[in-house]
Amino acid sequence: MLFAEQASQPEKPNIVFIFSDDHALRAIGAYGSGLNETPNIDRLANEGMVFEQSFCTNSISCPSRATILTGKHSHKNGVLGNGAKWNSQQYVFSRDMKKAGYSTALIGKWHLKGTPDDAFDHWNLLSGAGGQGHYYNPEFTDKYGKVTQIEGYSTDIITDKSIAWMENHKNDGKPFMIMTQFKAPHIHRVPPPRHINDYDDVNVAEPSNMFDDYQNRSSYAQKSWMEFKGMREPILNIVPEEGKYDLKDRRYQFLARMSPEQRKAYHEGYDKKNNEYRKRKAAGAYDDPIVMEKFKYQRYIKDYLGCVAAIDDNVGRILDWLEAEGLADNTIVIYSSDQGFYTGEHGWNDKRWMYEESLKMPFIIRWPGVAQAGVHSQAMIQNIDYAPTFLDAADVSIPEEIQGRSLVNVLKGQTPDDWRDAIYYHYYDDGSYNLPRFEGVRNDRYKLIHYYYPHEEWELFDLIEDPQEMKSVYNNGKYSDIQAMMHKRLEVIRDEYDVPTLNIESRHKPKARTQKKVNRKKRK
Ligand SMILES: [Ca+2]
């Protein structure tokens, strides 16, 4: 009987993909840095798997999102940088999930230039601020183009909407797949009032390489615009007292969005510490640029961690809801973020580079009965692997064109013998933050980075000898065999992923200038 046959099929798992923006591994308890506590994300980690060697393909928002949706590197999905148009008609894994009987939704930050179109049954996207969305009283755009402003804090609202959607679909006889995507902890970081003062009495330890002199790296490292000195007061929530500024002033737009009650709560959190700062500044306490930088780091990291705390609250809400509904056992829950982030390492507060802090992505997955609980995996994974993993979990065949691999066997503790031994990276958004264009390859110990535009330079790091990447050993005779091996590996991995020759037009590249032809062979 058809009915009996259906009943004997294993029930397909629901998938809840919780995704944030710019969340450094160092700011997640389960990754062990001790910087902060994230009890709810850690609960997921304890009951699931933590991937410590998890990498992005291109460390910036839109490219990472496009890679996750397509299972492909940037050169295949067309989203090379944040300005790139999203081709919504290309392969997106969620369409296959729909075909396989899933109800699908994407709620929160989307950021791609274009809409999800028919790739999800339901979508509700954070809009405004160029697709970045706002922390307070954010606007959302639905598939009919209708924009609705919701009062409240974005991380809480995105969770409200996600739970409401799951509530509507828990009994529709179909498994569900939802992507819950937060804006936090992306700049301009404004924690909710409940977390503004969490770290007021704490002096957060600085990374030991915060005052990096950028020697022994490419000449590009010291030229980028990612240092704390570049952060102006309002972006660090240093604003005049309530009522002592013009809400029409562009610098205070983020405050003008708030309701009078929200603004009052904001000022209750910040005014006292801002007044203290102003008093000390007037007395010359920050005249020394090093002291100023240290102060900015403290404010930056505390606001960052306040935004992270709100994410953690909401991860807890989702886990509690799944448990209360009896759905936890048959639901895959993932926590990830579009890339890692510098929380002071090398003196920086952004992403983009191929150094570890921004190359890595958090990836924590709980799948009862499949993923090994409490295991910290060292398998090298990349965001090209998410789509095939979801398809595999849904028992859908993985199309040939997808470049990633399913993690299902890795989750079971049965990592295939031919699992990847290296990852490929390519950053195309030269000019932004005064960075060059570059690509590279990383295996379990070494990393070769090829800066190729505007001019060519190479870096080679030994991650065991130099985990903080403070000294490139490129052209160091001791590493000549390793260097040759990594050059070869780069060549092979470019072939594996079908990477075109290095002449892709950049949005920042002046039309008249042509890319200097790079002779790769000559360099070895
Ligand atoms: Ca991001």
# chains A, B, ... in the order shown; residues from 1 in each chain; ligands from 1

$ closest_atom_pairs --of "chain A" --to "ligand 1" --cutoff "12 Å" --atoms "only C-alpha atoms and all ligand atoms" --output "JSON lines"
{"residue": "A:Phe19", "atom": "CA", "partner": "ligand 1", "partner_atom_place_in_ligand_line": "1 (Ca)", "distance": 10.2}
{"residue": "A:Ser20", "atom": "CA", "partner": "ligand 1", "partner_atom_place_in_ligand_line": "1 (Ca)", "distance": 7.8}
{"residue": "A:Asp21", "atom": "CA", "partner": "ligand 1", "partner_atom_place_in_ligand_line": "1 (Ca)", "distance": 4.3}
{"residue": "A:Asp22", "atom": "CA", "partner": "ligand 1", "partner_atom_place_in_ligand_line": "1 (Ca)", "distance": 4.2}
{"residue": "A:His23", "atom": "CA", "partner": "ligand 1", "partner_atom_place_in_ligand_line": "1 (Ca)", "distance": 7.7}
{"residue": "A:Ala24", "atom": "CA", "partner": "ligand 1", "partner_atom_place_in_ligand_line": "1 (Ca)", "distance": 10.0}
{"residue": "A:Cys56", "atom": "CA", "partner": "ligand 1", "partner_atom_place_in_ligand_line": "1 (Ca)", "distance": 11.0}
{"residue": "A:Asn58", "atom": "CA", "partner": "ligand 1", "partner_atom_place_in_ligand_line": "1 (Ca)", "distance": 10.5}
{"residue": "A:Ser59", "atom": "CA", "partner": "ligand 1", "partner_atom_place_in_ligand_line": "1 (Ca)", "distance": 7.6}
{"residue": "A:Ile60", "atom": "CA", "partner": "ligand 1", "partner_atom_place_in_ligand_line": "1 (Ca)", "distance": 5.4}
{"residue": "A:Ser61", "atom": "CA", "partner": "ligand 1", "partner_atom_place_in_ligand_line": "1 (Ca)", "distance": 4.2}
{"residue": "A:Cys62", "atom": "CA", "partner": "ligand 1", "partner_atom_place_in_ligand_line": "1 (Ca)", "distance": 7.9}
{"residue": "A:Pro63", "atom": "CA", "partner": "ligand 1", "partner_atom_place_in_ligand_line": "1 (Ca)", "distance": 9.5}
{"residue": "A:Ser64", "atom": "CA", "partner": "ligand 1", "partner_atom_place_in_ligand_line": "1 (Ca)", "distance": 8.1}
{"residue": "A:Arg65", "atom": "CA", "partner": "ligand 1", "partner_atom_place_in_ligand_line": "1 (Ca)", "distance": 9.2}
{"residue": "A:Gly81", "atom": "CA", "partner": "ligand 1", "partner_atom_place_in_ligand_line": "1 (Ca)", "distance": 11.7}
{"residue": "A:Asn82", "atom": "CA", "partner": "ligand 1", "partner_atom_place_in_ligand_line": "1 (Ca)", "distance": 10.1}
{"residue": "A:Lys109", "atom": "CA", "partner": "ligand 1", "partner_atom_place_in_ligand_line": "1 (Ca)", "distance": 10.3}
{"residue": "A:Trp110", "atom": "CA", "partner": "ligand 1", "partner_atom_place_in_ligand_line": "1 (Ca)", "distance": 11.0}
{"residue": "A:His111", "atom": "CA", "partner": "ligand 1", "partner_atom_place_in_ligand_line": "1 (Ca)", "distance": 9.8}
{"residue": "A:Leu112", "atom": "CA", "partner": "ligand 1", "partner_atom_place_in_ligand_line": "1 (Ca)", "distance": 12.0}
{"residue": "A:Gln132", "atom": "CA", "partner": "ligand 1", "partner_atom_place_in_ligand_line": "1 (Ca)", "distance": 9.6}
{"residue": "A:Gln181", "atom": "CA", "partner": "ligand 1", "partner_atom_place_in_ligand_line": "1 (Ca)", "distance": 11.1}
{"residue": "A:Phe182", "atom": "CA", "partner": "ligand 1", "partner_atom_place_in_ligand_line": "1 (Ca)", "distance": 10.3}
{"residue": "A:Lys183", "atom": "CA", "partner": "ligand 1", "partner_atom_place_in_ligand_line": "1 (Ca)", "distance": 8.5}
{"residue": "A:Ala184", "atom": "CA", "partner": "ligand 1", "partner_atom_place_in_ligand_line": "1 (Ca)", "distance": 9.1}
{"residue": "A:Pro185", "atom": "CA", "partner": "ligand 1", "partner_atom_place_in_ligand_line": "1 (Ca)", "distance": 8.6}
{"residue": "A:His186", "atom": "CA", "partner": "ligand 1", "partner_atom_place_in_ligand_line": "1 (Ca)", "distance": 6.6}
{"residue": "A:Ile187", "atom": "CA", "partner": "ligand 1", "partner_atom_place_in_ligand_line": "1 (Ca)", "distance": 9.2}
{"residue": "A:Ser336", "atom": "CA", "partner": "ligand 1", "partner_atom_place_in_ligand_line": "1 (Ca)", "distance": 11.1}
{"residue": "A:Ser337", "atom": "CA", "partner": "ligand 1", "partner_atom_place_in_ligand_line": "1 (Ca)", "distance": 7.4}
{"residue": "A:Asp338", "atom": "CA", "partner": "ligand 1", "partner_atom_place_in_ligand_line": "1 (Ca)", "distance": 5.1}
{"residue": "A:Gln339", "atom": "CA", "partner": "ligand 1", "partner_atom_place_in_ligand_line": "1 (Ca)", "distance": 5.7}
{"residue": "A:Gly340", "atom": "CA", "partner": "ligand 1", "partner_atom_place_in_ligand_line": "1 (Ca)", "distance": 7.8}
{"residue": "A:Phe341", "atom": "CA", "partner": "ligand 1", "partner_atom_place_in_ligand_line": "1 (Ca)", "distance": 8.1}
{"residue": "A:Tyr342", "atom": "CA", "partner": "ligand 1", "partner_atom_place_in_ligand_line": "1 (Ca)", "distance": 11.4}
{"residue": "A:Asn349", "atom": "CA", "partner": "ligand 1", "partner_atom_place_in_ligand_line": "1 (Ca)", "distance": 11.7}
{"residue": "A:Asp350", "atom": "CA", "partner": "ligand 1", "partner_atom_place_in_ligand_line": "1 (Ca)", "distance": 8.8}
{"residue": "A:Lys351", "atom": "CA", "partner": "ligand 1", "partner_atom_place_in_ligand_line": "1 (Ca)", "distance": 7.7}
{"residue": "A:Arg352", "atom": "CA", "partner": "ligand 1", "partner_atom_place_in_ligand_line": "1 (Ca)", "distance": 9.3}
{"residue": "A:Ser358", "atom": "CA", "partner": "ligand 1", "partner_atom_place_in_ligand_line": "1 (Ca)", "distance": 9.6}
{"residue": "A:Leu359", "atom": "CA", "partner": "ligand 1", "partner_atom_place_in_ligand_line": "1 (Ca)", "distance": 11.5}
{"residue": "A:Lys360", "atom": "CA", "partner": "ligand 1", "partner_atom_place_in_ligand_line": "1 (Ca)", "distance": 12.0}
{"residue": "A:Met361", "atom": "CA", "partner": "ligand 1", "partner_atom_place_in_ligand_line": "1 (Ca)", "distance": 10.3}

$ residues_around --residues "region 393-403 of chain A" --least-positions-apart "2" --cutoff "7 Å" --atoms "only C-alpha atoms" --output "JSON, numbers by chain"
{"A": [12, 13, 71, 72, 100, 384, 388, 389, 390, 391, 405]}

$ write_last_selection --atoms "N, CA and C atoms" --output "short mmCIF file (atom, residue, chain, number, x, y, z; two decimals), in the first residue's frame"
data_model
loop_
_atom_site.label_atom_id
_atom_site.label_comp_id
_atom_site.auth_asym_id
_atom_site.auth_seq_id
_atom_site.Cartn_x
_atom_site.Cartn_y
_atom_site.Cartn_z
N LYS A 12 12.26 13.11 6.73
CA LYS A 12 13.35 14.03 6.37
C LYS A 12 13.53 15.08 7.46
N PRO A 13 14.76 15.40 7.79
CA PRO A 13 14.98 16.37 8.88
C PRO A 13 14.64 17.80 8.47
N GLY A 71 26.64 26.75 -3.72
CA GLY A 71 27.64 25.69 -3.54
C GLY A 71 28.84 25.87 -4.46
N LYS A 72 29.05 27.12 -4.90
CA LYS A 72 30.11 27.39 -5.87
C LYS A 72 30.97 28.58 -5.46
N ALA A 100 11.90 18.68 -3.40
CA ALA A 100 11.95 17.46 -2.58
C ALA A 100 10.90 17.48 -1.47
N ILE A 384 31.26 26.37 0.28
CA ILE A 384 30.73 25.63 -0.87
C ILE A 384 30.10 24.30 -0.45
N PRO A 388 25.48 21.34 -0.71
CA PRO A 388 25.41 19.88 -0.91
C PRO A 388 25.07 19.11 0.37
N THR A 389 25.46 19.65 1.52
CA THR A 389 25.11 18.99 2.79
C THR A 389 23.60 19.02 3.01
N PHE A 390 22.99 20.17 2.74
CA PHE A 390 21.54 20.28 2.92
C PHE A 390 20.81 19.36 1.95
N LEU A 391 21.29 19.31 0.71
CA LEU A 391 20.66 18.44 -0.29
C LEU A 391 20.77 16.98 0.13
N ARG A 405 31.25 19.68 -1.27
CA ARG A 405 30.94 18.28 -0.99
C ARG A 405 30.05 18.18 0.22
#

$ residues_around --residues "region 275-287 of chain A" --least-positions-apart "4" --cutoff "9 Å" --atoms "only C-alpha atoms" --output "count of residues only"
9

$ residues_around --residues "Lys412 (chain A)" --least-positions-apart "2" --cutoff "9 Å" --atoms "only C-alpha atoms" --output "count of residues only"
10

$ residues_around --residues "region 316-329 of chain A" --least-positions-apart "6" --cutoff "8 Å" --atoms "only C-alpha atoms" --output "list in words"
Asn40, Ile41, Thr159, Ile163, Trp367 and Pro368 of chain A

$ write_last_selection --atoms "C-alpha atoms" --output "short mmCIF file (atom, residue, chain, number, x, y, z; two decimals), in the first residue's frame"
data_model
loop_
_atom_site.label_atom_id
_atom_site.label_comp_id
_atom_site.auth_asym_id
_atom_site.auth_seq_id
_atom_site.Cartn_x
_atom_site.Cartn_y
_atom_site.Cartn_z
CA ASN A 40 23.24 29.07 23.83
CA ILE A 41 25.57 28.70 20.87
CA THR A 159 13.91 35.53 15.40
CA ILE A 163 9.63 31.29 14.90
CA TRP A 367 21.96 16.83 14.04
CA PRO A 368 20.82 14.29 16.63
#

$ select_by_dssp --residues "region 371-442 of chain A" --states "strand (DSSP E)" --output "PDB file with N, CA and C atoms, in the first residue's frame"
ATOM      1  N   VAL A 375      32.045  16.815  19.418  1.00  0.00           N
ATOM      2  CA  VAL A 375      33.311  16.633  18.698  1.00  0.00           C
ATOM      3  C   VAL A 375      33.755  17.947  18.057  1.00  0.00           C
ATOM      4  N   HIS A 376      35.043  18.248  18.179  1.00  0.00           N
ATOM      5  CA  HIS A 376      35.636  19.372  17.457  1.00  0.00           C
ATOM      6  C   HIS A 376      36.381  18.801  16.258  1.00  0.00           C
ATOM      7  N   SER A 377      35.800  18.979  15.088  1.00  0.00           N
ATOM      8  CA  SER A 377      36.371  18.363  13.882  1.00  0.00           C
ATOM      9  C   SER A 377      37.489  19.218  13.311  1.00  0.00           C
ATOM     10  N   ILE A 381      36.631  22.337   5.868  1.00  0.00           N
ATOM     11  CA  ILE A 381      35.361  22.549   5.164  1.00  0.00           C
ATOM     12  C   ILE A 381      35.293  23.994   4.675  1.00  0.00           C
ATOM     13  N   GLN A 382      34.395  24.231   3.741  1.00  0.00           N
ATOM     14  CA  GLN A 382      34.289  25.564   3.162  1.00  0.00           C
ATOM     15  C   GLN A 382      32.814  25.861   2.879  1.00  0.00           C
ATOM     16  N   ALA A 422      43.178  20.863   1.017  1.00  0.00           N
ATOM     17  CA  ALA A 422      43.497  22.283   0.868  1.00  0.00           C
ATOM     18  C   ALA A 422      42.240  23.038   0.434  1.00  0.00           C
ATOM     19  N   ILE A 423      42.234  24.341   0.697  1.00  0.00           N
ATOM     20  CA  ILE A 423      41.107  25.169   0.240  1.00  0.00           C
ATOM     21  C   ILE A 423      41.637  26.303  -0.634  1.00  0.00           C
ATOM     22  N   TYR A 424      40.772  26.765  -1.532  1.00  0.00           N
ATOM     23  CA  TYR A 424      41.111  27.868  -2.443  1.00  0.00           C
ATOM     24  C   TYR A 424      40.350  29.115  -2.020  1.00  0.00           C
ATOM     25  N   TYR A 425      41.009  30.242  -2.092  1.00  0.00           N
ATOM     26  CA  TYR A 425      40.425  31.525  -1.690  1.00  0.00           C
ATOM     27  C   TYR A 425      40.698  32.562  -2.773  1.00  0.00           C
ATOM     28  N   HIS A 426      39.738  33.466  -2.975  1.00  0.00           N
ATOM     29  CA  HIS A 426      39.967  34.537  -3.955  1.00  0.00           C
ATOM     30  C   HIS A 426      39.171  35.775  -3.577  1.00  0.00           C
ATOM     31  N   TYR A 427      39.865  36.886  -3.361  1.00  0.00           N
ATOM     32  CA  TYR A 427      39.229  38.165  -3.013  1.00  0.00           C
ATOM     33  C   TYR A 427      39.379  39.124  -4.194  1.00  0.00           C
ATOM     34  N   ARG A 437      43.849  42.879  -4.940  1.00  0.00           N
ATOM     35  CA  ARG A 437      43.144  41.635  -5.294  1.00  0.00           C
ATOM     36  C   ARG A 437      44.130  40.504  -5.085  1.00  0.00           C
ATOM     37  N   PHE A 438      43.600  39.393  -4.642  1.00  0.00           N
ATOM     38  CA  PHE A 438      44.520  38.286  -4.363  1.00  0.00           C
ATOM     39  C   PHE A 438      43.779  36.967  -4.300  1.00  0.00           C
ATOM     40  N   GLU A 439      44.576  35.918  -4.410  1.00  0.00           N
ATOM     41  CA  GLU A 439      44.049  34.565  -4.280  1.00  0.00           C
ATOM     42  C   GLU A 439      45.058  33.782  -3.459  1.00  0.00           C
ATOM     43  N   GLY A 440      44.670  32.578  -3.091  1.00  0.00           N
ATOM     44  CA  GLY A 440      45.626  31.791  -2.334  1.00  0.00           C
ATOM     45  C   GLY A 440      45.124  30.389  -2.069  1.00  0.00           C
ATOM     46  N   VAL A 441      46.013  29.610  -1.508  1.00  0.00           N
ATOM     47  CA  VAL A 441      45.694  28.225  -1.163  1.00  0.00           C
ATOM     48  C   VAL A 441      46.199  27.984   0.260  1.00  0.00           C
ATOM     49  N   ARG A 442      45.412  27.221   1.024  1.00  0.00           N
ATOM     50  CA  ARG A 442      45.830  26.887   2.387  1.00  0.00           C
ATOM     51  C   ARG A 442      45.652  25.393   2.570  1.00  0.00           C
TER      52      ARG A 442
END

$ select_by_dssp --residues "region 111-225 of chain A" --states "helix (DSSP H, G or I)" --output "number ranges by chain"
A: 117-119, 129-131, 154-169, 193-195, 221-223

$ atom_distance --atom1 "CA of Tyr220 (chain A)" --atom2 "CA of Pro436 (chain A)"
7.1 Å

$ closest_residue --among "A:Ala30, A:Lys98, A:Lys296, A:Asn216" --to "Gly230 (chain A)" --atoms "only C-alpha atoms"
A:Lys296

$ atom_distance --atom1 "CA of Gln222 (chain A)" --atom2 "CA of Ala27 (chain A)"
25.0 Å

$ residues_around --residues "Asp118 (chain A)" --least-positions-apart "2" --cutoff "9 Å" --atoms "only C-alpha atoms" --output "PyMOL selection string"
chain A and resi 88-89+95+115-116+120-122

$ write_last_selection --atoms "N, CA and C atoms" --output "compact mmCIF listing (two decimals), in the first residue's frame"
# COMPACT_ATOMS: atom_id res chain seq x y z
N SER A 88 19.41 35.64 -10.12
CA SER A 88 18.51 34.79 -9.32
C SER A 88 18.09 33.54 -10.09
N GLN A 89 18.37 33.51 -11.38
CA GLN A 89 17.94 32.34 -12.16
C GLN A 89 18.99 31.23 -12.21
N ARG A 95 15.79 25.63 -4.29
CA ARG A 95 14.76 25.21 -5.26
C ARG A 95 14.64 23.69 -5.27
N THR A 115 16.64 39.80 -5.95
CA THR A 115 15.82 39.15 -4.93
C THR A 115 16.01 37.63 -4.97
N PRO A 116 15.54 36.93 -3.95
CA PRO A 116 15.60 35.46 -4.01
C PRO A 116 14.65 34.88 -5.06
N PHE A 120 12.83 30.53 -2.77
CA PHE A 120 12.24 30.19 -1.47
C PHE A 120 10.73 30.40 -1.56
N ASP A 121 9.97 29.59 -0.81
CA ASP A 121 8.52 29.80 -0.76
C ASP A 121 8.21 31.15 -0.14
N HIS A 122 8.97 31.43 0.90
CA HIS A 122 8.72 32.67 1.65
C HIS A 122 10.02 33.39 1.89

$ closest_residue --among "A:Ser219, A:Ser33, A:Thr104, A:Asn46" --to "Leu435 (chain A)" --atoms "only C-alpha atoms"
A:Ser219

$ atom_distance --atom1 "CA of Gln215 (chain A)" --atom2 "CA of Lys471 (chain A)"
7.5 Å

$ residues_around --residues "Glu456 (chain A)" --least-positions-apart "3" --cutoff "10 Å" --atoms "only C-alpha atoms" --output "list in words"
Ser218, Pro436, Arg437, Phe438, His450, Tyr451, Tyr452, Tyr453, Lys516 and Val518 of chain A

$ closest_residue --among "A:Pro207, A:Gly344, A:Gly48, A:Gly101" --to "Thr331 (chain A)" --atoms "only C-alpha atoms"
A:Gly48
